[in-house]
Amino acid sequence: RMLPSREENMAFTLYSLIQAAILCVNAVAVLHEERFLSKIGWGVDQSVGGFGDEPGVKVQLMNLVRSVRTVMRVPLIAVNAVCIVLLLLFG
């Protein structure tokens, strides 16, 4: 009988959950407003609404994307480097 491959032994671990979250944050961080988001209608929107109006879901998502790109740029470099080193050391 053959030994099971690595894919069959993969388990849902905390590290795989963290890795998935890092991949999602990386995906949000690389979105570019002028090249990608404006083509699908998610670019810079000047019609935010009046005072006291609740912003829509689209405006809130765009604010989240801008915030992630602004705040997480430097920490993502460090977190990605740590993940790469861990993958190289422990496979």
# chains A, B, ... in the order shown; residues from 1 in each chain; ligands from 1
$ residues_around --residues "A:Thr70" --least-positions-apart "4" --cutoff "12 Å" --atoms "only C-alpha atoms" --output "list of chain:residue names"
A:Val28, A:Ala29, A:Val30, A:Leu31, A:Asn63, A:Leu64, A:Val65, A:Arg66, A:Val74, A:Pro75, A:Leu76
$ write_last_selection --atoms "all heavy atoms" --output "PDB file, in the first residue's frame"
ATOM      1  N   VAL A  28      -6.461  42.470  -0.982  1.00  0.00           N
ATOM      2  CA  VAL A  28      -7.057  43.804  -0.841  1.00  0.00           C
ATOM      3  C   VAL A  28      -5.988  44.879  -0.981  1.00  0.00           C
ATOM      4  O   VAL A  28      -6.226  45.929  -1.579  1.00  0.00           O
ATOM      5  CB  VAL A  28      -7.791  43.917   0.513  1.00  0.00           C
ATOM      6  CG1 VAL A  28      -8.209  45.340   0.795  1.00  0.00           C
ATOM      7  CG2 VAL A  28      -9.000  43.007   0.531  1.00  0.00           C
ATOM      8  N   ALA A  29      -4.794  44.614  -0.453  1.00  0.00           N
ATOM      9  CA  ALA A  29      -3.740  45.617  -0.455  1.00  0.00           C
ATOM     10  C   ALA A  29      -3.211  45.919  -1.855  1.00  0.00           C
ATOM     11  O   ALA A  29      -2.727  47.023  -2.102  1.00  0.00           O
ATOM     12  CB  ALA A  29      -2.587  45.169   0.445  1.00  0.00           C
ATOM     13  N   VAL A  30      -3.307  44.982  -2.783  1.00  0.00           N
ATOM     14  CA  VAL A  30      -2.745  45.221  -4.110  1.00  0.00           C
ATOM     15  C   VAL A  30      -3.751  45.798  -5.096  1.00  0.00           C
ATOM     16  O   VAL A  30      -3.391  46.109  -6.228  1.00  0.00           O
ATOM     17  CB  VAL A  30      -2.113  43.940  -4.710  1.00  0.00           C
ATOM     18  CG1 VAL A  30      -0.981  43.447  -3.841  1.00  0.00           C
ATOM     19  CG2 VAL A  30      -3.140  42.869  -4.933  1.00  0.00           C
ATOM     20  N   LEU A  31      -5.020  45.960  -4.677  1.00  0.00           N
ATOM     21  CA  LEU A  31      -6.005  46.553  -5.583  1.00  0.00           C
ATOM     22  C   LEU A  31      -5.630  48.003  -5.863  1.00  0.00           C
ATOM     23  O   LEU A  31      -5.344  48.767  -4.957  1.00  0.00           O
ATOM     24  CB  LEU A  31      -7.408  46.486  -4.970  1.00  0.00           C
ATOM     25  CG  LEU A  31      -8.034  45.117  -4.873  1.00  0.00           C
ATOM     26  CD1 LEU A  31      -9.381  45.220  -4.180  1.00  0.00           C
ATOM     27  CD2 LEU A  31      -8.201  44.501  -6.231  1.00  0.00           C
ATOM     28  N   ASN A  63     -13.785  52.539   1.593  1.00  0.00           N
ATOM     29  CA  ASN A  63     -13.044  53.067   2.742  1.00  0.00           C
ATOM     30  C   ASN A  63     -12.219  51.971   3.412  1.00  0.00           C
ATOM     31  O   ASN A  63     -11.094  52.218   3.845  1.00  0.00           O
ATOM     32  CB  ASN A  63     -14.001  53.700   3.751  1.00  0.00           C
ATOM     33  CG  ASN A  63     -14.529  55.029   3.289  1.00  0.00           C
ATOM     34  OD1 ASN A  63     -13.901  55.718   2.488  1.00  0.00           O
ATOM     35  ND2 ASN A  63     -15.695  55.401   3.779  1.00  0.00           N
ATOM     36  N   LEU A  64     -12.763  50.758   3.468  1.00  0.00           N
ATOM     37  CA  LEU A  64     -12.010  49.634   4.030  1.00  0.00           C
ATOM     38  C   LEU A  64     -10.792  49.311   3.180  1.00  0.00           C
ATOM     39  O   LEU A  64      -9.696  49.099   3.701  1.00  0.00           O
ATOM     40  CB  LEU A  64     -12.914  48.406   4.157  1.00  0.00           C
ATOM     41  CG  LEU A  64     -12.238  47.133   4.664  1.00  0.00           C
ATOM     42  CD1 LEU A  64     -11.817  47.304   6.113  1.00  0.00           C
ATOM     43  CD2 LEU A  64     -13.153  45.946   4.514  1.00  0.00           C
ATOM     44  N   VAL A  65     -10.962  49.305   1.852  1.00  0.00           N
ATOM     45  CA  VAL A  65      -9.834  49.022   0.952  1.00  0.00           C
ATOM     46  C   VAL A  65      -8.755  50.089   1.111  1.00  0.00           C
ATOM     47  O   VAL A  65      -7.566  49.784   1.210  1.00  0.00           O
ATOM     48  CB  VAL A  65     -10.324  48.927  -0.512  1.00  0.00           C
ATOM     49  CG1 VAL A  65      -9.156  48.927  -1.477  1.00  0.00           C
ATOM     50  CG2 VAL A  65     -11.172  47.686  -0.704  1.00  0.00           C
ATOM     51  N   ARG A  66      -9.163  51.358   1.148  1.00  0.00           N
ATOM     52  CA  ARG A  66      -8.175  52.445   1.321  1.00  0.00           C
ATOM     53  C   ARG A  66      -7.469  52.340   2.671  1.00  0.00           C
ATOM     54  O   ARG A  66      -6.262  52.576   2.766  1.00  0.00           O
ATOM     55  CB  ARG A  66      -8.867  53.806   1.194  1.00  0.00           C
ATOM     56  CG  ARG A  66      -9.173  54.170  -0.215  1.00  0.00           C
ATOM     57  CD  ARG A  66      -9.684  55.607  -0.311  1.00  0.00           C
ATOM     58  NE  ARG A  66     -10.494  55.721  -1.505  1.00  0.00           N
ATOM     59  CZ  ARG A  66     -11.812  55.807  -1.525  1.00  0.00           C
ATOM     60  NH1 ARG A  66     -12.492  55.828  -0.405  1.00  0.00           N
ATOM     61  NH2 ARG A  66     -12.459  55.871  -2.660  1.00  0.00           N
ATOM     62  N   VAL A  74       3.230  48.492   5.576  1.00  0.00           N
ATOM     63  CA  VAL A  74       4.498  48.096   6.209  1.00  0.00           C
ATOM     64  C   VAL A  74       4.348  46.806   7.024  1.00  0.00           C
ATOM     65  O   VAL A  74       5.189  45.901   6.901  1.00  0.00           O
ATOM     66  CB  VAL A  74       5.043  49.262   7.064  1.00  0.00           C
ATOM     67  CG1 VAL A  74       6.271  48.831   7.838  1.00  0.00           C
ATOM     68  CG2 VAL A  74       5.363  50.450   6.174  1.00  0.00           C
ATOM     69  N   PRO A  75       3.293  46.661   7.847  1.00  0.00           N
ATOM     70  CA  PRO A  75       3.165  45.386   8.571  1.00  0.00           C
ATOM     71  C   PRO A  75       3.012  44.172   7.656  1.00  0.00           C
ATOM     72  O   PRO A  75       3.493  43.087   7.999  1.00  0.00           O
ATOM     73  CB  PRO A  75       1.904  45.580   9.419  1.00  0.00           C
ATOM     74  CG  PRO A  75       1.760  47.036   9.571  1.00  0.00           C
ATOM     75  CD  PRO A  75       2.294  47.624   8.323  1.00  0.00           C
ATOM     76  N   LEU A  76       2.375  44.344   6.498  1.00  0.00           N
ATOM     77  CA  LEU A  76       2.228  43.207   5.584  1.00  0.00           C
ATOM     78  C   LEU A  76       3.565  42.724   5.056  1.00  0.00           C
ATOM     79  O   LEU A  76       3.756  41.530   4.847  1.00  0.00           O
ATOM     80  CB  LEU A  76       1.318  43.584   4.417  1.00  0.00           C
ATOM     81  CG  LEU A  76      -0.140  43.231   4.569  1.00  0.00           C
ATOM     82  CD1 LEU A  76      -0.924  43.718   3.378  1.00  0.00           C
ATOM     83  CD2 LEU A  76      -0.346  41.773   4.774  1.00  0.00           C
TER      84      LEU A  76
END
$ residues_around --residues "A:Cys83" --least-positions-apart "2" --cutoff "12 Å" --atoms "only C-alpha atoms" --output "VMD selection string"
chain A and resid 15 to 16 18 to 20 22 to 23 76 to 81 85 to 91
$ atom_distance --atom1 "atom CA of A:Ile40" --atom2 "atom CA of A:Val59"
14.0 Å
$ atom_distance --atom1 "atom CA of A:Leu37" --atom2 "atom CA of A:Gln60"
14.3 Å
